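data-v1.txt follows; it contains compact mmCIF, C-alpha atoms and all ligand atoms.
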# COMPACT_ATOMS: atom_id res chain seq x y z
CA MET A 225 -62.15 -0.83 -31.35
CA TRP A 226 -59.38 -0.88 -28.79
CA GLN A 227 -58.94 -3.76 -26.46
CA ARG A 228 -56.89 -4.47 -23.43
CA GLU A 229 -55.70 -8.05 -23.75
CA PRO A 230 -56.27 -10.08 -20.59
CA MET A 231 -52.98 -10.73 -18.81
CA THR A 232 -52.35 -14.41 -19.35
CA PRO A 233 -49.47 -15.87 -17.33
CA GLU A 234 -47.37 -15.73 -20.52
CA ARG A 235 -48.18 -12.09 -21.08
CA ARG A 236 -47.88 -10.97 -17.47
CA PRO A 237 -44.60 -9.11 -17.25
CA SER A 238 -41.93 -10.17 -14.82
CA PRO A 239 -39.70 -7.47 -13.32
CA GLY A 240 -36.93 -7.78 -15.85
CA ASP A 241 -39.19 -7.43 -18.83
CA HIS A 242 -41.86 -5.00 -17.73
CA ALA A 243 -42.93 -2.72 -20.50
CA HIS A 244 -40.89 0.47 -20.16
CA ALA A 245 -38.33 -1.35 -17.98
CA ASP A 246 -35.76 1.10 -19.37
CA LEU A 247 -37.62 4.04 -17.84
CA ARG A 248 -37.21 5.40 -14.33
CA PRO A 249 -39.79 4.67 -11.61
CA ALA A 250 -41.58 8.05 -11.63
CA THR A 251 -42.09 7.68 -15.38
CA ARG A 252 -43.27 4.09 -15.10
CA ALA A 253 -45.78 5.15 -12.41
CA VAL A 254 -47.34 7.41 -15.04
CA ALA A 255 -46.85 5.37 -18.22
CA LEU A 256 -47.80 1.80 -17.25
CA GLY A 257 -51.29 0.35 -16.82
CA ARG A 258 -52.76 2.15 -19.81
CA PRO A 259 -54.58 0.81 -22.89
CA ASP A 260 -52.52 0.17 -25.99
CA ARG A 261 -51.99 3.33 -28.04
CA ALA A 262 -54.36 2.56 -30.88
CA PRO A 263 -55.84 5.57 -32.71
CA GLY A 264 -58.96 6.70 -30.85
CA ALA A 265 -58.25 4.54 -27.81
CA PRO A 266 -58.89 6.07 -24.39
CA VAL A 267 -55.75 7.18 -22.60
CA ASN A 268 -56.92 5.78 -19.28
CA THR A 269 -57.91 2.27 -18.33
CA PRO A 270 -61.67 2.31 -17.73
CA VAL A 271 -63.47 1.03 -14.63
CA HIS A 272 -64.47 -2.42 -15.85
CA LEU A 273 -67.81 -3.06 -14.18
CA THR A 274 -68.52 -6.65 -15.03
CA SER A 275 -68.97 -9.79 -12.98
CA THR A 276 -68.43 -12.22 -15.84
CA TYR A 277 -66.83 -12.57 -19.26
CA VAL A 278 -67.83 -14.12 -22.55
CA ALA A 279 -66.84 -17.79 -22.50
CA ASP A 280 -63.67 -19.21 -23.98
CA GLY A 281 -61.45 -16.25 -23.07
CA GLN A 282 -58.56 -16.24 -20.60
CA VAL A 283 -60.76 -15.36 -17.63
CA ASN A 284 -64.28 -16.56 -16.88
CA TYR A 285 -65.37 -14.70 -13.81
CA ALA A 286 -64.50 -11.40 -12.15
CA ARG A 287 -63.60 -12.89 -8.76
CA VAL A 288 -60.52 -14.24 -10.57
CA SER A 289 -59.46 -11.13 -12.46
CA ASN A 290 -60.55 -7.76 -13.78
CA PRO A 291 -58.81 -5.56 -16.39
CA THR A 292 -58.84 -2.54 -14.04
CA TRP A 293 -57.01 -4.56 -11.36
CA GLU A 294 -54.57 -5.78 -13.98
CA ALA A 295 -53.67 -2.23 -14.99
CA LEU A 296 -52.98 -1.37 -11.34
CA GLU A 297 -51.06 -4.62 -10.79
CA GLU A 298 -48.88 -3.82 -13.78
CA VAL A 299 -47.86 -0.49 -12.20
CA LEU A 300 -47.39 -1.81 -8.65
CA GLY A 301 -45.48 -4.86 -9.86
CA SER A 302 -43.13 -2.66 -11.85
CA LEU A 303 -42.53 -0.23 -8.96
CA GLU A 304 -41.83 -3.04 -6.46
CA ALA A 305 -39.92 -5.24 -8.95
CA GLY A 306 -42.29 -8.17 -8.51
CA MET A 307 -45.69 -9.64 -9.37
CA ALA A 308 -48.57 -7.72 -7.80
CA SER A 309 -52.05 -8.83 -6.78
CA ALA A 310 -54.65 -6.30 -5.67
CA PHE A 311 -56.71 -7.11 -2.57
CA ALA A 312 -59.77 -5.65 -0.88
CA SER A 313 -57.69 -3.85 1.76
CA GLY A 314 -54.27 -3.87 3.34
CA MET A 315 -55.57 -6.29 5.97
CA ALA A 316 -56.85 -8.63 3.23
CA ALA A 317 -53.32 -8.60 1.78
CA VAL A 318 -51.77 -9.33 5.20
CA ALA A 319 -54.35 -12.11 5.76
CA ALA A 320 -53.43 -13.68 2.42
CA VAL A 321 -49.81 -13.91 3.55
CA VAL A 322 -50.71 -15.20 7.03
CA GLY A 323 -53.00 -17.68 5.25
CA GLN A 324 -49.89 -19.35 3.79
CA VAL A 325 -48.84 -20.55 7.24
CA PRO A 326 -49.78 -24.20 7.80
CA THR A 327 -52.01 -25.05 10.77
CA GLY A 328 -49.94 -25.03 13.94
CA GLY A 329 -47.17 -23.02 12.26
CA VAL A 330 -45.04 -20.27 13.78
CA VAL A 331 -45.06 -16.58 12.83
CA VAL A 332 -42.33 -14.17 13.92
CA ARG A 333 -43.06 -10.46 14.07
CA PRO A 334 -41.35 -7.37 15.49
CA THR A 335 -42.73 -5.99 18.76
CA HIS A 336 -44.23 -2.99 16.96
CA VAL A 337 -46.27 -3.58 13.85
CA TYR A 338 -49.51 -2.15 12.56
CA SER A 339 -52.14 -2.87 15.24
CA GLY A 340 -54.37 -4.69 12.74
CA THR A 341 -51.54 -7.07 11.86
CA ALA A 342 -50.83 -7.71 15.54
CA GLY A 343 -54.58 -8.19 16.09
CA LEU A 344 -54.96 -10.66 13.23
CA LEU A 345 -52.02 -12.75 14.44
CA ALA A 346 -53.39 -12.73 18.01
CA GLU A 347 -56.82 -13.76 16.76
CA ARG A 348 -55.34 -16.64 14.72
CA GLU A 349 -53.28 -17.67 17.75
CA ARG A 350 -56.36 -17.70 20.00
CA ALA A 351 -58.10 -19.87 17.40
CA GLY A 352 -55.24 -22.37 17.65
CA ALA A 353 -54.21 -21.82 14.03
CA LEU A 354 -50.65 -20.66 14.70
CA SER A 355 -48.33 -19.33 17.36
CA VAL A 356 -46.60 -15.95 17.41
CA ARG A 357 -43.11 -14.94 18.54
CA THR A 358 -42.25 -11.26 18.94
CA VAL A 359 -38.75 -9.79 18.62
CA ALA A 360 -37.18 -6.33 18.69
CA ALA A 361 -37.16 -4.88 15.16
CA GLU A 362 -33.56 -3.67 15.38
CA ASP A 363 -32.08 -6.91 16.74
CA VAL A 364 -30.93 -8.78 13.61
CA ALA A 365 -29.36 -11.71 15.53
CA GLY A 366 -32.49 -11.97 17.71
CA ILE A 367 -34.77 -12.07 14.65
CA VAL A 368 -32.67 -14.79 13.01
CA GLU A 369 -32.65 -16.76 16.27
CA ALA A 370 -36.43 -16.43 16.70
CA CYS A 371 -36.97 -17.85 13.20
CA ASP A 372 -35.81 -21.34 14.24
CA GLY A 373 -38.61 -23.61 13.01
CA ALA A 374 -40.75 -20.62 11.97
CA ASP A 375 -42.94 -20.55 8.87
CA LEU A 376 -43.32 -16.81 8.35
CA LEU A 377 -41.32 -13.72 9.31
CA LEU A 378 -43.52 -10.65 8.95
CA LEU A 379 -41.42 -7.46 8.97
CA GLU A 380 -42.46 -3.81 8.93
CA SER A 381 -39.73 -1.24 8.38
CA PRO A 382 -40.17 1.58 9.30
CA SER A 383 -42.57 0.19 11.88
CA ASN A 384 -45.95 1.70 12.65
CA PRO A 385 -45.96 3.90 14.77
CA MET A 386 -42.51 3.61 16.43
CA MET A 387 -40.55 4.21 13.19
CA GLU A 388 -37.97 1.53 14.01
CA LEU A 389 -35.90 0.17 11.14
CA THR A 390 -34.90 -3.42 10.49
CA ASP A 391 -31.74 -4.21 8.53
CA VAL A 392 -33.65 -6.43 6.10
CA VAL A 393 -30.56 -7.28 4.02
CA ALA A 394 -28.75 -8.57 7.11
CA VAL A 395 -31.81 -10.52 8.27
CA VAL A 396 -32.23 -12.25 4.89
CA ARG A 397 -28.51 -13.08 4.78
CA GLY A 398 -28.62 -14.40 8.35
CA LEU A 399 -31.64 -16.59 7.63
CA ARG A 400 -30.03 -18.07 4.52
CA GLU A 401 -26.80 -18.82 6.35
CA ARG A 402 -28.49 -20.31 9.38
CA TYR A 403 -31.39 -22.23 7.88
CA GLY A 404 -30.69 -22.61 4.14
CA PRO A 405 -33.81 -23.74 2.28
CA ASP A 406 -35.62 -24.30 5.61
CA ARG A 407 -35.79 -20.58 6.31
CA PRO A 408 -39.26 -19.08 6.84
CA LEU A 409 -41.13 -17.11 4.25
CA VAL A 410 -40.04 -13.46 4.64
CA VAL A 411 -42.63 -10.77 4.02
CA CYS A 412 -42.17 -7.02 4.43
CA ASP A 413 -44.97 -4.48 4.91
CA ASN A 414 -43.83 -1.57 2.73
CA THR A 415 -46.78 0.75 3.41
CA PHE A 416 -44.80 3.44 5.28
CA ALA A 417 -41.75 3.53 3.01
CA THR A 418 -43.50 2.96 -0.35
CA PRO A 419 -41.51 1.69 -3.36
CA VAL A 420 -40.28 5.26 -3.84
CA ALA A 421 -37.97 4.83 -0.84
CA GLN A 422 -37.22 1.09 -0.86
CA GLN A 423 -38.05 -2.09 -2.75
CA PRO A 424 -37.58 -4.95 -0.27
CA LEU A 425 -37.88 -7.60 -3.00
CA ARG A 426 -34.46 -6.41 -4.18
CA TRP A 427 -33.17 -7.31 -0.70
CA GLY A 428 -34.26 -10.91 -1.11
CA VAL A 429 -37.59 -11.01 0.73
CA ASP A 430 -40.28 -13.27 -0.74
CA ALA A 431 -43.15 -10.80 -0.82
CA VAL A 432 -44.14 -7.25 0.03
CA VAL A 433 -47.55 -6.24 1.35
CA HIS A 434 -49.16 -2.83 1.07
CA SER A 435 -52.03 -0.94 2.48
CA ALA A 436 -52.60 0.91 -0.82
CA THR A 437 -55.23 2.82 1.16
CA LYS A 438 -52.36 5.03 2.31
CA TYR A 439 -49.67 6.52 0.04
CA LEU A 440 -50.44 4.58 -3.12
CA ALA A 441 -54.04 5.84 -3.27
CA GLY A 442 -52.94 9.03 -1.54
CA HIS A 443 -56.25 10.85 -1.10
CA SER A 444 -57.96 9.13 1.85
CA ASP A 445 -60.83 8.11 -0.39
CA THR A 446 -60.57 4.34 -0.73
CA LEU A 447 -59.34 1.09 0.81
CA LEU A 448 -57.22 -1.39 -1.13
CA GLY A 449 -54.30 -3.71 -0.50
CA ALA A 450 -51.63 -5.49 -2.50
CA VAL A 451 -49.28 -8.43 -2.22
CA VAL A 452 -46.24 -8.20 -4.48
CA VAL A 453 -44.34 -11.48 -4.83
CA SER A 454 -40.71 -11.92 -5.78
CA PRO A 455 -40.16 -13.05 -9.39
CA GLU A 456 -38.21 -15.94 -7.89
CA ARG A 457 -41.34 -17.29 -6.20
CA PRO A 458 -43.93 -18.12 -8.91
CA ASP A 459 -45.21 -20.87 -6.57
CA LEU A 460 -46.06 -18.28 -3.93
CA GLN A 461 -47.65 -16.01 -6.52
CA GLU A 462 -49.90 -18.87 -7.56
CA ARG A 463 -50.93 -19.55 -3.95
CA VAL A 464 -51.60 -15.86 -3.23
CA ARG A 465 -53.84 -15.61 -6.28
CA THR A 466 -55.68 -18.79 -5.31
CA TYR A 467 -56.16 -17.43 -1.80
CA ARG A 468 -57.64 -14.21 -3.19
CA THR A 469 -60.05 -16.05 -5.46
CA LEU A 470 -61.22 -18.59 -2.87
CA HIS A 471 -61.49 -16.15 0.05
CA GLY A 472 -63.14 -13.54 -2.16
CA ALA A 473 -60.71 -10.91 -0.86
CA ILE A 474 -61.07 -8.82 -4.00
CA PRO A 475 -61.13 -5.07 -4.54
CA GLY A 476 -63.90 -3.35 -6.46
CA PRO A 477 -62.95 -2.10 -9.94
CA MET A 478 -63.68 1.50 -8.89
CA GLU A 479 -61.31 1.19 -5.93
CA ALA A 480 -58.61 -0.23 -8.20
CA TRP A 481 -59.12 2.68 -10.57
CA LEU A 482 -58.82 5.23 -7.75
CA VAL A 483 -55.53 3.70 -6.61
CA LEU A 484 -54.28 3.59 -10.19
CA ARG A 485 -55.06 7.29 -10.48
CA GLY A 486 -53.44 8.00 -7.12
CA VAL A 487 -50.24 6.17 -7.95
CA ARG A 488 -49.67 8.42 -10.98
CA THR A 489 -48.67 11.21 -8.58
CA LEU A 490 -47.01 9.06 -5.92
CA HIS A 491 -43.53 10.39 -6.61
CA VAL A 492 -44.44 14.08 -6.63
CA ARG A 493 -46.62 13.74 -3.54
CA LEU A 494 -43.88 11.98 -1.61
CA GLU A 495 -41.17 14.35 -2.78
CA ARG A 496 -43.14 17.28 -1.45
CA ALA A 497 -44.35 15.59 1.74
CA SER A 498 -40.89 14.19 2.58
CA ALA A 499 -39.24 17.59 2.16
CA THR A 500 -41.85 19.10 4.48
CA ALA A 501 -41.41 16.25 6.98
CA GLU A 502 -37.67 16.95 7.16
CA LEU A 503 -38.30 20.63 7.77
CA LEU A 504 -40.85 19.85 10.50
CA VAL A 505 -38.51 17.32 12.14
CA ASP A 506 -35.75 19.96 12.40
CA ARG A 507 -38.12 22.40 14.07
CA LEU A 508 -39.89 19.83 16.28
CA GLU A 509 -36.53 18.73 17.67
CA GLU A 510 -36.04 22.29 18.96
CA HIS A 511 -39.56 22.67 20.35
CA PRO A 512 -39.74 22.71 24.18
CA ALA A 513 -43.06 20.78 24.22
CA VAL A 514 -41.50 17.86 22.34
CA GLU A 515 -39.64 15.18 24.27
CA ARG A 516 -38.59 12.98 21.37
CA VAL A 517 -38.91 12.92 17.59
CA ARG A 518 -38.93 9.58 15.79
CA TYR A 519 -38.02 9.92 12.13
CA PRO A 520 -36.18 7.27 10.11
CA GLY A 521 -34.47 9.87 7.89
CA PHE A 522 -36.75 9.43 4.88
CA GLY A 523 -40.45 9.49 4.03
CA ALA A 524 -43.30 11.60 5.36
CA MET A 525 -44.24 9.76 8.56
CA VAL A 526 -43.02 11.25 11.83
CA SER A 527 -43.82 10.24 15.41
CA VAL A 528 -43.33 12.66 18.30
CA GLU A 529 -43.57 12.15 22.03
CA VAL A 530 -44.85 15.31 23.68
CA VAL A 531 -44.11 16.60 27.17
CA GLY A 532 -47.06 16.04 29.54
CA GLY A 533 -48.25 12.55 28.60
CA ALA A 534 -51.57 11.46 27.11
CA GLU A 535 -53.44 14.57 28.20
CA ALA A 536 -51.01 16.96 26.52
CA ALA A 537 -51.02 14.84 23.37
CA GLU A 538 -54.83 14.85 23.27
CA ALA A 539 -54.79 18.62 23.66
CA VAL A 540 -52.62 18.96 20.55
CA CYS A 541 -55.11 16.81 18.59
CA SER A 542 -57.99 19.07 19.67
CA ALA A 543 -56.11 22.29 18.94
CA VAL A 544 -55.02 21.74 15.34
CA ARG A 545 -56.89 23.49 12.57
CA VAL A 546 -54.95 22.69 9.39
CA TRP A 547 -53.94 19.17 10.42
CA THR A 548 -56.80 16.66 10.62
CA HIS A 549 -57.23 14.67 13.80
CA SER A 550 -57.96 11.26 12.29
CA THR A 551 -56.54 7.79 12.03
CA SER A 552 -54.88 6.51 8.85
CA LEU A 553 -52.12 8.17 6.86
CA GLY A 554 -50.62 8.84 3.45
CA GLY A 555 -53.22 11.30 2.15
CA VAL A 556 -52.58 14.69 0.59
CA GLU A 557 -53.99 16.22 3.80
CA SER A 558 -51.81 16.18 6.91
CA GLN A 559 -53.15 13.99 9.68
CA LEU A 560 -52.21 13.29 13.26
CA GLU A 561 -53.43 11.12 16.10
CA ARG A 562 -52.46 9.77 19.50
CA ARG A 563 -52.07 6.09 18.74
CA ARG A 564 -52.72 4.87 22.28
CA ARG A 565 -56.27 6.23 22.09
CA HIS A 566 -56.92 2.88 20.36
CA ALA A 567 -57.26 -0.03 22.80
CA ALA A 568 -55.79 -2.26 20.07
CA GLU A 569 -52.48 -0.36 19.91
CA VAL A 570 -49.44 -2.26 21.19
CA ALA A 571 -49.05 -1.40 24.91
CA SER A 572 -45.35 -0.45 24.69
CA VAL A 573 -46.18 2.50 22.41
CA PRO A 574 -45.85 5.62 24.65
CA GLU A 575 -49.10 7.27 25.79
CA SER A 576 -47.72 10.63 24.69
CA LEU A 577 -46.88 9.52 21.13
CA LEU A 578 -48.49 11.41 18.28
CA ARG A 579 -48.18 9.91 14.81
CA LEU A 580 -47.95 12.55 12.10
CA SER A 581 -48.66 11.89 8.43
CA VAL A 582 -47.28 14.90 6.60
CA GLY A 583 -49.31 15.96 3.56
CA VAL A 584 -48.69 18.31 0.68
CA GLU A 585 -50.02 21.61 2.07
CA ASP A 586 -47.79 24.67 2.40
CA PRO A 587 -45.08 23.68 4.90
CA GLU A 588 -45.30 26.98 6.78
CA ASP A 589 -49.04 26.59 7.38
CA LEU A 590 -48.41 23.10 8.74
CA TRP A 591 -45.66 24.32 11.03
CA GLU A 592 -47.57 27.34 12.33
CA ASP A 593 -50.62 25.19 13.10
CA LEU A 594 -48.57 22.51 14.85
CA ALA A 595 -46.41 24.94 16.81
CA ARG A 596 -49.52 26.79 18.00
CA ALA A 597 -51.23 23.53 19.01
CA LEU A 598 -48.12 22.38 20.90
CA GLY A 599 -48.34 25.64 22.84
C1 LIG B 1 -53.20 0.73 7.43
C2 LIG B 1 -52.16 -0.32 7.45
C3 LIG B 1 -52.48 -1.66 7.17
C4 LIG B 1 -53.89 -2.11 6.92
O1 LIG B 1 -54.40 -1.61 5.73
P1 LIG B 1 -55.98 -1.35 5.43
O2 LIG B 1 -55.96 -0.88 4.03
O3 LIG B 1 -56.45 -0.35 6.43
O4 LIG B 1 -56.66 -2.67 5.60
C5 LIG B 1 -51.44 -2.57 7.15
N1 LIG B 1 -50.16 -2.19 7.41
C6 LIG B 1 -49.84 -0.92 7.70
C7 LIG B 1 -48.41 -0.57 7.96
C8 LIG B 1 -50.81 0.07 7.73
O5 LIG B 1 -50.48 1.33 8.02

Take the structure in this file and express it as structure tokens.
Ligand SMILES: *Cc1c(COP(=O)(O)O)cnc(C)c1O
Amino acid sequence: MWQREPMTPERRPSPGDHAHADLRPATRAVALGRPDRAPGAPVNTPVHLTSTYVADGQVNYARVSNPTWEALEEVLGSLEAGMASAFASGMAAVAAVVGQVPTGGVVVRPTHVYSGTAGLLAERERAGALSVRTVAAEDVAGIVEACDGADLLLLESPSNPMMELTDVVAVVRGLRERYGPDRPLVVCDNTFATPVAQQPLRWGVDAVVHSATKYLAGHSDTLLGAVVVSPERPDLQERVRTYRTLHGAIPGPMEAWLVLRGVRTLHVRLERASATAELLVDRLEEHPAVERVRYPGFGAMVSVEVVGGAEAAEAVCSAVRVWTHSTSLGGVESQLERRRRHAAEVASVPESLLRLSVGVEDPEDLWEDLARALG
């Protein structure tokens, strides 16, 4: 009989001592989160469909933990250099972080963030739970200034869908210098960049959130989220876990398994998609129907502003054949959409902006389809 030991706090690896810590990230994405190599043991972690556990073990009930989540958390924690907790969705992960703000507290966010995050903060503000300050993502001094008396700084870099970057290192340094231990909690949404491109915990932020629905799962077939807490903040890790248990914001074991399977190929998918994105960016910049290309210089997300406003952008969405006109991102299939078609999108996002999520198809098919649709 093989067994996967429940991850007790003592056994749960911290970034320095993750199993296979000597190996490189692409190898750890494949090697971690598997059963021990006993003869006859399965190579993959099974989908543990159980609501409860035999008494007197480390865990009693499956709203607290599940071995399939733990396998995924081991991989995500290792890739982000922190302690991961899987959530029901990216929004559940964001809500768990926002849930750390005391009643009447202050949250600072960049002007452009994922519309769901902006929506959640606005809803909490309307309910009188907190107040929100918005700042330009690229204005380090402005962000530090806005954090006076704040409880949470919620960053997103690159930002969705404007692709703005924040100098997170400079922000963290500025906050420490200005406010010392009274600085707000700093959380970074790393969905667009993924840990392949950047690990914000290494820059001194307190936690990273993910919509694992996107690149980590990678196949547009499931929703899941994650909060990854800095190894320096075990107190926060404890509170995030408690939040998950008490709010019931838990993923299903099947969903956790799908993300675990997806993350095995994260590095190869992103390598391919990023190379294609760079090629498309070069060509889009030369295309007469394109007014502006927004690309941070890495990753597989590209935003373009087309000539002719909303109508022209909608026409591109209707004309594509290889690209899928759909919301969401990070799947193997290339997707595009006009973000302002959503009433919830931040109003300063241009009407003509198309957000492109570059997939892993043949780059020339993607280009030919897009160039034809642009007209
Ligand atoms: C999609 C997304 C979310 C929300 O994630 P869900 O899994 O859809 O709940 C949060 N942040 C960013 C940057 C996203 O793109």

Give me the residues within 12 Å of stretch 520-523 of chain A as a ChimeraX atom specification, counting all atoms listed in the file and dropping any in the same chain fewer than 2 places off.
/A:381-390,414-422,439,490-491,493-503,505-506,517-518,525-527,554,580-583

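The shortest atom-to-atom distance to ligand LIG 1 (chain B), with all atoms listed in the file taken into account, belongs to A:Ser552 out of A:Asn268, A:Ser552, A:Ser444, A:Ser558.
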
Could I get the residue neighbourhood of ligand LIG 1 (chain B) at 9 Å, counting only C-alpha atoms and all ligand atoms, as an NGL selection string?
:A and (312-318 or 337-341 or 380-385 or 413-416 or 433-438 or 446-449 or 552-554)

Extract, using all atoms listed in the file, all DNA, RNA and protein residues at most 10 Å from A:Ala394, discarding same-chain residues fewer than 4 positions from it, and format them as a list in words.
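The residues that qualify are Val364, Ala365, Val368, Thr390, Gly398, Leu399, Arg400 and Trp427 of chain A.
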
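Compared by their closest atoms to A:Val452, and using only C-alpha atoms, the residues A:Pro266, A:Gly281, A:Pro259, A:Gly306 rank with A:Gly306 nearest.
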
Any idea what's packed within 8 Å of A:Val410, counting all atoms listed in the file, ignoring anything in its chain fewer than 3 positions away? Could you give it as a PyMOL selection string?
chain A and resi 376-379+396+429-431

Could you work out how far atom CA of A:Thr269 lies from atom CA of A:Val432, giving the answer in Å with one decimal?
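For atom CA of A:Val432 relative to atom CA of A:Thr269, the distance reads 24.8 Å.
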
Would you list the contacts of A:Glu297 as a VMD selection string, taking every protein, DNA or RNA residue within 10 Å and counting only C-alpha atoms, but skipping same-chain residues closer than 4 positions in sequence?
chain A and resid 236 256 to 257 291 to 293 301 to 303 306 to 310 450 to 452 480 484

Need the neighbours of (-38.5, -8.9, -4.6): which residues are at most 6 Å away, counting all atoms listed in the file, as number ranges by chain?
A: 305-306, 424-426, 428-429, 454

Excluding A:Ala513 and any residue of its chain fewer than 6 positions from it, enumerate the residues within 7 Å of it, using only C-alpha atoms, and give them as a list in words.
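The contact residues come out as Val530, Val531 and Leu598 of chain A.
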
Restricting the calculation to all atoms listed in the file, which member of A:Glu349, A:Glu588, A:Glu369, A:Asp363 is positioned closest to A:Val325?
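Result for the nearest residue to A:Val325: A:Glu349.
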
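Counting all atoms listed in the file and comparing A:Gly352, A:Thr551, A:Val299, A:Gly323, the residue that lies closest to A:Thr251 is A:Val299.
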
Report, in Å with one decimal, the straight-line distance from atom CA of A:Ser289 to atom CA of A:Gly486.
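Answer for the atom CA of A:Ser289 to atom CA of A:Gly486 separation: 20.8 Å.
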
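Minimum atom-to-atom distances from A:Arg457, A:Arg516, A:Arg563, A:Arg357 to A:Ala370 were compared using all atoms listed in the file, and the lowest value belongs to A:Arg357.
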
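Atom pair atom CA of A:Phe311 / atom CA of A:His443: separated by 18.0 Å.
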
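Using all atoms listed in the file, the nearest neighbour of A:Arg407 within the list A:Pro455, A:Tyr519, A:Val332, A:Ala295 is A:Val332.
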